[in-house]
Structures are given as C-alpha cells and as structure tokens.
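**Student:** Dropping in start.cif, with mmCIF, C-alpha atoms and all ligand atoms.
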data_structure
#
loop_
_atom_site.label_atom_id
_atom_site.label_comp_id
_atom_site.auth_asym_id
_atom_site.auth_seq_id
_atom_site.Cartn_x
_atom_site.Cartn_y
_atom_site.Cartn_z
CA MET U 1 7.09 -20.41 4.33
CA LYS U 2 5.25 -17.77 2.42
CA SER U 3 3.14 -19.08 -0.39
CA GLN U 4 2.84 -17.72 -3.89
CA SER U 5 -0.72 -16.82 -4.71
CA SER U 6 -2.54 -14.96 -7.40
CA VAL U 7 -5.72 -12.98 -6.98
CA LYS U 8 -8.33 -12.44 -9.66
CA THR U 9 -10.03 -9.08 -9.80
CA SER U 10 -13.75 -8.66 -9.28
CA PRO U 11 -16.33 -7.38 -11.74
CA GLY U 12 -16.20 -3.60 -11.92
CA GLU U 13 -12.46 -3.50 -11.51
CA PRO U 14 -10.17 -2.79 -14.45
CA SER U 15 -10.55 -5.64 -16.91
CA ASP U 16 -7.01 -5.32 -18.18
CA VAL U 17 -5.48 -5.41 -14.71
CA GLU U 18 -2.79 -8.02 -14.40
CA ALA U 19 -3.14 -10.69 -11.78
CA ILE U 20 -1.71 -9.48 -8.50
CA ILE U 21 0.81 -11.94 -7.15
CA CYS U 22 2.16 -12.52 -3.66
CA PRO U 23 5.60 -13.97 -4.40
CA ALA U 24 7.19 -16.33 -1.90
CA GLN U 25 10.49 -14.50 -2.39
CA PRO U 26 9.91 -10.92 -3.55
CA ASP U 27 12.74 -9.37 -5.55
CA PRO U 28 14.30 -6.45 -3.62
CA ALA U 29 15.82 -4.87 -6.75
CA PHE U 30 12.50 -4.83 -8.61
CA LEU U 31 10.64 -3.43 -5.61
CA SER U 32 13.32 -0.84 -4.89
CA ASN U 33 13.01 0.46 -8.46
CA LEU U 34 9.23 0.69 -8.15
CA HIS U 35 9.58 2.43 -4.81
CA GLY U 36 12.00 5.01 -6.21
CA ASP U 37 9.79 5.79 -9.22
CA GLY U 38 6.55 5.69 -7.22
CA PHE U 39 7.72 8.01 -4.44
CA ALA U 40 9.29 10.88 -6.30
CA SER U 41 8.73 13.21 -3.35
CA ALA U 42 11.82 14.47 -1.57
CA TYR U 43 10.01 13.73 1.68
CA GLU U 44 10.07 10.02 1.08
CA GLN U 45 13.24 8.16 1.85
CA HIS U 46 14.00 5.94 -1.12
CA TRP U 47 14.37 2.33 -0.08
CA ASN U 48 17.44 1.18 -1.98
CA GLU U 49 17.91 -2.50 -2.70
CA LYS U 50 19.66 -3.16 0.61
CA ALA U 51 16.99 -1.34 2.63
CA MET U 52 14.28 -3.17 0.70
CA ALA U 53 15.93 -6.54 1.37
CA GLU U 54 16.03 -5.70 5.08
CA MET U 55 12.34 -4.85 5.09
CA LEU U 56 11.50 -8.07 3.26
CA ALA U 57 13.51 -10.09 5.79
CA MET U 58 11.36 -8.92 8.71
CA THR U 59 8.92 -11.38 10.22
CA GLY U 60 5.40 -11.37 8.82
CA VAL U 61 6.12 -9.19 5.77
CA PHE U 62 4.17 -9.85 2.56
CA VAL U 63 4.23 -8.14 -0.82
CA HIS U 64 1.39 -8.04 -3.34
CA GLN U 65 2.64 -6.80 -6.66
CA PHE U 66 2.19 -6.48 -10.39
CA SER U 67 4.53 -5.02 -13.00
CA ALA U 68 3.84 -1.37 -12.09
CA GLY U 69 3.08 -1.34 -8.39
CA PHE U 70 3.12 -3.09 -5.08
CA ILE U 71 1.90 -2.98 -1.51
CA MET U 72 3.90 -4.28 1.44
CA THR U 73 2.21 -5.31 4.67
CA GLN U 74 3.44 -6.71 7.94
CA ILE U 75 1.17 -9.00 9.89
CA SER U 76 1.73 -9.58 13.57
CA LEU U 77 -1.00 -11.63 15.25
CA GLU U 78 -4.25 -9.65 14.97
CA THR U 79 -2.64 -6.46 13.65
CA ALA U 80 -1.56 -5.74 10.08
CA GLU U 81 0.29 -2.62 8.97
CA ILE U 82 0.79 -1.18 5.51
CA LEU U 83 4.52 -0.45 5.31
CA THR U 84 4.61 0.99 1.82
CA TYR U 85 2.38 1.15 -1.22
CA THR U 86 2.77 2.65 -4.67
CA VAL U 87 1.78 2.49 -8.34
CA LEU U 88 3.99 4.02 -11.02
CA PRO U 89 2.78 7.50 -12.02
CA SER U 90 2.14 6.44 -15.64
CA GLN U 91 -0.26 3.71 -14.48
CA ARG U 92 -2.25 5.65 -11.86
CA GLY U 93 -5.97 6.31 -11.99
CA LYS U 94 -6.77 2.95 -13.62
CA GLY U 95 -7.88 1.15 -10.48
CA TYR U 96 -4.66 -0.75 -9.78
CA GLY U 97 -4.18 0.97 -6.42
CA ALA U 98 -7.64 -0.07 -5.25
CA VAL U 99 -7.04 -3.67 -6.30
CA LEU U 100 -3.70 -3.80 -4.48
CA LEU U 101 -5.20 -2.35 -1.31
CA LYS U 102 -8.20 -4.69 -1.33
CA THR U 103 -5.99 -7.69 -2.01
CA ALA U 104 -3.62 -6.87 0.85
CA MET U 105 -6.54 -6.30 3.24
CA GLN U 106 -8.21 -9.57 2.29
CA HIS U 107 -4.91 -11.40 2.66
CA ALA U 108 -4.29 -9.89 6.10
CA PHE U 109 -7.75 -10.99 7.23
CA ASN U 110 -7.16 -14.48 5.83
CA LYS U 111 -3.93 -14.61 7.87
CA GLY U 112 -5.82 -13.78 11.08
CA ALA U 113 -5.54 -10.00 11.33
CA THR U 114 -8.60 -8.19 12.65
CA ARG U 115 -7.34 -4.64 12.12
CA ILE U 116 -4.99 -2.86 9.75
CA LEU U 117 -3.19 0.42 10.26
CA LEU U 118 -0.90 2.81 8.42
CA GLU U 119 0.78 6.21 8.39
CA VAL U 120 0.23 8.66 5.55
CA ALA U 121 1.20 12.26 4.83
CA PRO U 122 -1.82 14.60 4.74
CA ASP U 123 -1.06 15.76 1.19
CA ARG U 124 -1.25 12.28 -0.32
CA LYS U 125 -4.76 12.95 -1.57
CA ALA U 126 -5.16 9.91 -3.83
CA ALA U 127 -3.96 7.54 -1.10
CA LEU U 128 -6.18 9.23 1.51
CA GLY U 129 -9.19 8.89 -0.79
CA LEU U 130 -8.55 5.18 -1.27
CA TYR U 131 -7.98 4.60 2.43
CA ARG U 132 -11.26 6.34 3.27
CA ARG U 133 -13.07 4.27 0.63
CA ALA U 134 -11.59 1.19 2.31
CA GLY U 135 -13.03 2.25 5.67
CA PHE U 136 -9.89 3.68 7.29
CA GLU U 137 -10.39 6.43 9.85
CA ARG U 138 -7.88 8.78 11.42
CA THR U 139 -6.79 7.69 14.86
CA GLY U 140 -4.00 10.19 15.51
CA VAL U 141 -1.26 12.42 14.15
CA ARG U 142 2.49 12.05 14.40
CA LYS U 143 3.79 15.60 14.50
CA ASN U 144 6.78 16.45 12.27
CA TYR U 145 7.10 12.83 11.21
CA TYR U 146 8.44 13.38 7.70
CA ALA U 147 11.49 15.56 7.11
CA GLY U 148 12.05 17.25 3.75
CA PRO U 149 13.69 20.24 2.11
CA GLU U 150 10.82 22.57 2.99
CA GLY U 151 10.69 21.54 6.62
CA LYS U 152 8.84 18.84 8.45
CA ARG U 153 5.33 17.60 7.99
CA ASP U 154 2.95 15.49 9.97
CA ALA U 155 1.76 11.94 9.39
CA PHE U 156 -1.83 10.83 9.90
CA LEU U 157 -2.31 7.51 11.64
CA MET U 158 -5.24 5.58 10.20
CA GLU U 159 -6.85 2.28 11.00
CA THR U 160 -9.79 0.06 10.10
CA GLY U 161 -11.13 -3.30 11.19
CA LEU U 162 -10.96 -6.38 8.99
CA GLY U 163 -13.84 -8.78 8.56
CA THR U 164 -15.28 -11.34 6.19
CA GLU U 165 -16.78 -8.52 4.11
CA LEU U 166 -14.35 -5.74 3.25
CA ASN U 167 -15.93 -2.36 3.85
CA PHE U 168 -14.65 -0.98 0.47
CA ARG U 169 -16.99 1.65 -1.02
C1 LIG S 201 -1.97 5.91 -3.81
C2 LIG S 201 -1.69 5.22 -5.15
C3 LIG S 201 -0.98 3.89 -4.87
C4 LIG S 201 -3.02 4.96 -5.87
O1 LIG S 201 -2.75 4.23 -7.04
P1 LIG S 201 -3.78 4.25 -8.32
O2 LIG S 201 -3.45 3.09 -9.15
O3 LIG S 201 -3.78 5.58 -8.94
O4 LIG S 201 -5.16 4.02 -7.57
P2 LIG S 201 -6.63 3.92 -8.23
O5 LIG S 201 -6.54 4.17 -9.69
O6 LIG S 201 -7.24 2.66 -7.75
O7 LIG S 201 -7.42 5.07 -7.49
C5 LIG S 201 -6.93 6.38 -7.46
C6 LIG S 201 -8.00 7.22 -6.82
O8 LIG S 201 -7.40 8.45 -6.40
C7 LIG S 201 -8.12 9.52 -6.97
N1 LIG S 201 -7.16 10.59 -7.13
C8 LIG S 201 -6.11 10.65 -7.95
N2 LIG S 201 -5.46 11.80 -7.74
C9 LIG S 201 -6.14 12.45 -6.77
C10 LIG S 201 -5.97 13.70 -6.11
N3 LIG S 201 -4.96 14.48 -6.40
N4 LIG S 201 -6.86 14.04 -5.16
C11 LIG S 201 -7.88 13.24 -4.83
N5 LIG S 201 -8.08 12.04 -5.42
C12 LIG S 201 -7.22 11.67 -6.37
C13 LIG S 201 -8.70 8.97 -8.22
O9 LIG S 201 -9.80 9.73 -8.64
C14 LIG S 201 -9.11 7.57 -7.76
O10 LIG S 201 -10.28 7.62 -6.99
P3 LIG S 201 -11.66 6.98 -7.53
O11 LIG S 201 -11.39 5.53 -7.80
O12 LIG S 201 -12.61 7.19 -6.41
O13 LIG S 201 -11.97 7.75 -8.75
C15 LIG S 201 -0.82 6.12 -6.07
O14 LIG S 201 -1.46 7.36 -6.22
C16 LIG S 201 0.59 6.34 -5.57
O15 LIG S 201 1.47 5.51 -5.76
N6 LIG S 201 0.83 7.49 -4.93
C17 LIG S 201 2.17 7.85 -4.45
C18 LIG S 201 2.60 6.99 -3.30
C19 LIG S 201 1.62 7.06 -2.13
O16 LIG S 201 1.02 8.09 -1.82
N7 LIG S 201 1.50 5.91 -1.44
C20 LIG S 201 0.69 5.80 -0.26
C21 LIG S 201 1.51 6.32 0.87
S1 LIG S 201 0.94 5.69 2.41
#
The structure given in the file should be rewritten as structure tokens.

**Tutor:**
Amino acid sequence: MKSQSSVKTSPGEPSDVEAIICPAQPDPAFLSNLHGDGFASAYEQHWNEKAMAEMLAMTGVFVHQFSAGFIMTQISLETAEILTYTVLPSQRGKGYGAVLLKTAMQHAFNKGATRILLEVAPDRKAALGLYRRAGFERTGVRKNYYAGPEGKRDAFLMETGLGTELNFR
C-alpha cells in the first residue's frame, strides 16, 4: 500500500512552495488536466483520464504533486524511471520543478533504487538543465522517438545514480 507523505522544502528553495505530497491514491482527472496544460506541445501525447488511470495502476508507480505540477516515477527494484513531469506554464521558473525532481529522487532512493533514468526531447531546455543539475548524464539516443506535425524527433536517454547525498547542484 502506498503511503501518503509530505516533504518539506530545504533552505534556499522557494519559501512559498506548497508541501509536495505523495498521495496514496492519486487522482487521474487532476493529473490528466495538469498533463494537458503542462505539455502543450503537439509532440506530446496527452494522457487523458483513462490513460492516466492506466499509468497509475502499474506496479511501482508513485506521484509527487502540488496544485500546479507533478512528477510520476516508476520504481522496479534498483531502477527508477521518470515517466512524466510537468509544472504549469504560469508557475514555472519559481523552483517548483527542482523541488519535485529532488523529492522524487530522494523517494526513489528511500525505496531502494540505486539509479534513475528518463527520456527527454533535446529541445526541452529547462528540463535538460534541471536534469544536468541533478547529475543526469546522457547514455543514449532513441532516434525518431517522438512523432509530431513537423516530423519526428529524437529522445535523449539520461541516467544518474542515487545515493544518500543527492548530487543536485
Ligand atoms: C521542466 C519543468 C517541469 C521545470 O519546471 P519549473 O518549475 O520551471 O522548474 P524550476 O523553476 O525549478 O527550474 C527551471 C530552470 O529552467 C531554467 N529555464 C527555464 N527556461 C529555460 C530555457 N528555455 N532554457 C534553459 N533553461 C531554462 C530556469 O532558469 C531554471 O534554472 P535555474 O534554477 O538554474 O535558474 C517545466 O519547465 C515543464 O513543465 N516543462 C514542460 C514539460 C517538460 O519538459 N517536462 C519534462 C519532460 S521529460
């Protein structure tokens, strides 16, 4: 049974940030709305409520969320993967994304994961910057991974180790 937990932010992080919660039963409708508004790009497949519910039903899936953003991870033994991650455009640049990422990484380590990986489109500059700050390095490329109206584009595969001290610059 997944537990509900709340994570306090550290000094230096936005003082007005809401507590990030990890609900025992995340709400697919709420998360689907955030996903739709957070990924406005035509390259991103919107996860409607049904698709979101299916993702949430998978084994080892956790969501860390606040009112304007969330991160979803899947933990399988020693490996965690970021499945999706967004903050609403109106709330970006305030540090929420960094707090969500750190929280999910810490949680994955606490659950026994020793590495965490993800896929990201090369033009997602803000996300790439955060991932690099968090210690992620490129491990490969999936050619033509995302399909959109202007053709296909690649996905970078990235990964970092997890330890007692997060390597977040
Ligand atoms: C990635 C995302 C979750 C970050 O959320 P956020 O709340 O803005 O994150 P933060 O405020 O903690 O940090 C944003 C960082 O990106 C930087 N940034 C913003 N726009 C940028 C750009 N176009 N190019 C480079 N860096 C950029 C900011 O300067 C900040 O870095 P800093 O803390 O070193 O100054 C958000 O941009 C988002 O939802 N993007 C669309 C969805 C997405 O790309 N998800 C990840 C897909 S794998």

**Student:** What's the 7 Å shell around U:Ala121, counting only C-alpha atoms, without same-chain residues fewer than 6 positions away, as a ChimeraX atom specification?

**Tutor:** /U:154-156

**Student:** How big is the axis-aligned box, and where does its centre sit, when it encloses all atoms of ligand LIG 201 (chain S) listed in the file and has 5 Å added on every side, reported in Å to one decimal as JSON?

**Tutor:**
{"center_x": -5.0, "center_y": 8.6, "center_z": -3.6, "size_x": 25.2, "size_y": 21.8, "size_z": 22.1}

**Student:** From the options U:Val141, U:Ala126, U:Ala147, U:Ile82, which residue's atoms come nearest to U:Thr160, counting only C-alpha atoms?

**Tutor:** U:Ile82

**Student:** In Å, rounded to a single decimal, give me how far atom CA of U:Glu18 is from atom CA of U:Asn33.

**Tutor:**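 Between atom CA of U:Asn33 and atom CA of U:Glu18 the gap works out to 18.9 Å.
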
**Student:** Please, what distance in Å, to one decimal, runs between atom CA of U:Arg115 and atom O2 of ligand LIG 201 (chain S)?

**Tutor:**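 Atom CA of U:Arg115 sits 23.0 Å away from atom O2 of ligand LIG 201 (chain S).
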
**Student:** Could stretch 87-114 of chain U be completed with N, CA and C atoms and returned as a CSV table (one decimal), in the frame of the given file?

**Tutor:**
chain,number,residue,atom,x,y,z
U,87,VAL,N,2.0,2.9,-6.9
U,87,VAL,CA,1.8,2.5,-8.3
U,87,VAL,C,2.6,3.5,-9.1
U,88,LEU,N,3.2,3.1,-10.2
U,88,LEU,CA,4.0,4.0,-11.0
U,88,LEU,C,3.1,5.1,-11.5
U,89,PRO,N,3.6,6.4,-11.6
U,89,PRO,CA,2.8,7.5,-12.0
U,89,PRO,C,2.1,7.3,-13.4
U,90,SER,N,2.7,6.6,-14.3
U,90,SER,CA,2.1,6.4,-15.6
U,90,SER,C,0.9,5.5,-15.6
U,91,GLN,N,0.8,4.7,-14.6
U,91,GLN,CA,-0.3,3.7,-14.5
U,91,GLN,C,-1.3,4.1,-13.5
U,92,ARG,N,-1.3,5.3,-12.9
U,92,ARG,CA,-2.2,5.6,-11.9
U,92,ARG,C,-3.6,6.0,-12.5
U,93,GLY,N,-4.6,5.9,-11.6
U,93,GLY,CA,-6.0,6.3,-12.0
U,93,GLY,C,-6.7,5.3,-12.8
U,94,LYS,N,-6.2,4.0,-12.9
U,94,LYS,CA,-6.8,3.0,-13.6
U,94,LYS,C,-7.4,1.9,-12.7
U,95,GLY,N,-7.3,2.1,-11.4
U,95,GLY,CA,-7.9,1.2,-10.5
U,95,GLY,C,-6.9,0.2,-9.9
U,96,TYR,N,-5.6,0.2,-10.3
U,96,TYR,CA,-4.7,-0.8,-9.8
U,96,TYR,C,-4.5,-0.6,-8.3
U,97,GLY,N,-4.4,0.7,-7.8
U,97,GLY,CA,-4.2,1.0,-6.4
U,97,GLY,C,-5.3,0.4,-5.6
U,98,ALA,N,-6.5,0.5,-6.0
U,98,ALA,CA,-7.6,-0.1,-5.2
U,98,ALA,C,-7.5,-1.6,-5.2
U,99,VAL,N,-7.2,-2.2,-6.3
U,99,VAL,CA,-7.0,-3.7,-6.3
U,99,VAL,C,-5.9,-4.1,-5.4
U,100,LEU,N,-4.8,-3.4,-5.4
U,100,LEU,CA,-3.7,-3.8,-4.5
U,100,LEU,C,-4.1,-3.7,-3.0
U,101,LEU,N,-4.8,-2.6,-2.7
U,101,LEU,CA,-5.2,-2.4,-1.3
U,101,LEU,C,-6.2,-3.4,-0.9
U,102,LYS,N,-7.2,-3.7,-1.7
U,102,LYS,CA,-8.2,-4.7,-1.3
U,102,LYS,C,-7.5,-6.1,-1.2
U,103,THR,N,-6.6,-6.4,-2.1
U,103,THR,CA,-6.0,-7.7,-2.0
U,103,THR,C,-5.2,-7.8,-0.7
U,104,ALA,N,-4.4,-6.8,-0.4
U,104,ALA,CA,-3.6,-6.9,0.8
U,104,ALA,C,-4.5,-7.0,2.1
U,105,MET,N,-5.6,-6.2,2.1
U,105,MET,CA,-6.5,-6.3,3.2
U,105,MET,C,-7.2,-7.7,3.4
U,106,GLN,N,-7.6,-8.2,2.3
U,106,GLN,CA,-8.2,-9.6,2.3
U,106,GLN,C,-7.2,-10.6,2.8
U,107,HIS,N,-6.0,-10.5,2.3
U,107,HIS,CA,-4.9,-11.4,2.7
U,107,HIS,C,-4.6,-11.3,4.2
U,108,ALA,N,-4.6,-10.1,4.7
U,108,ALA,CA,-4.3,-9.9,6.1
U,108,ALA,C,-5.4,-10.5,6.9
U,109,PHE,N,-6.6,-10.4,6.5
U,109,PHE,CA,-7.8,-11.0,7.2
U,109,PHE,C,-7.6,-12.5,7.2
U,110,ASN,N,-7.3,-13.0,6.0
U,110,ASN,CA,-7.2,-14.5,5.8
U,110,ASN,C,-6.1,-15.0,6.7
U,111,LYS,N,-5.1,-14.2,7.0
U,111,LYS,CA,-3.9,-14.6,7.9
U,111,LYS,C,-4.2,-14.4,9.4
U,112,GLY,N,-5.4,-13.9,9.7
U,112,GLY,CA,-5.8,-13.8,11.1
U,112,GLY,C,-5.8,-12.4,11.6
U,113,ALA,N,-5.5,-11.4,10.8
U,113,ALA,CA,-5.5,-10.0,11.3
U,113,ALA,C,-7.0,-9.5,11.4
U,114,THR,N,-7.3,-8.8,12.5
U,114,THR,CA,-8.6,-8.2,12.6
U,114,THR,C,-8.6,-6.7,12.5
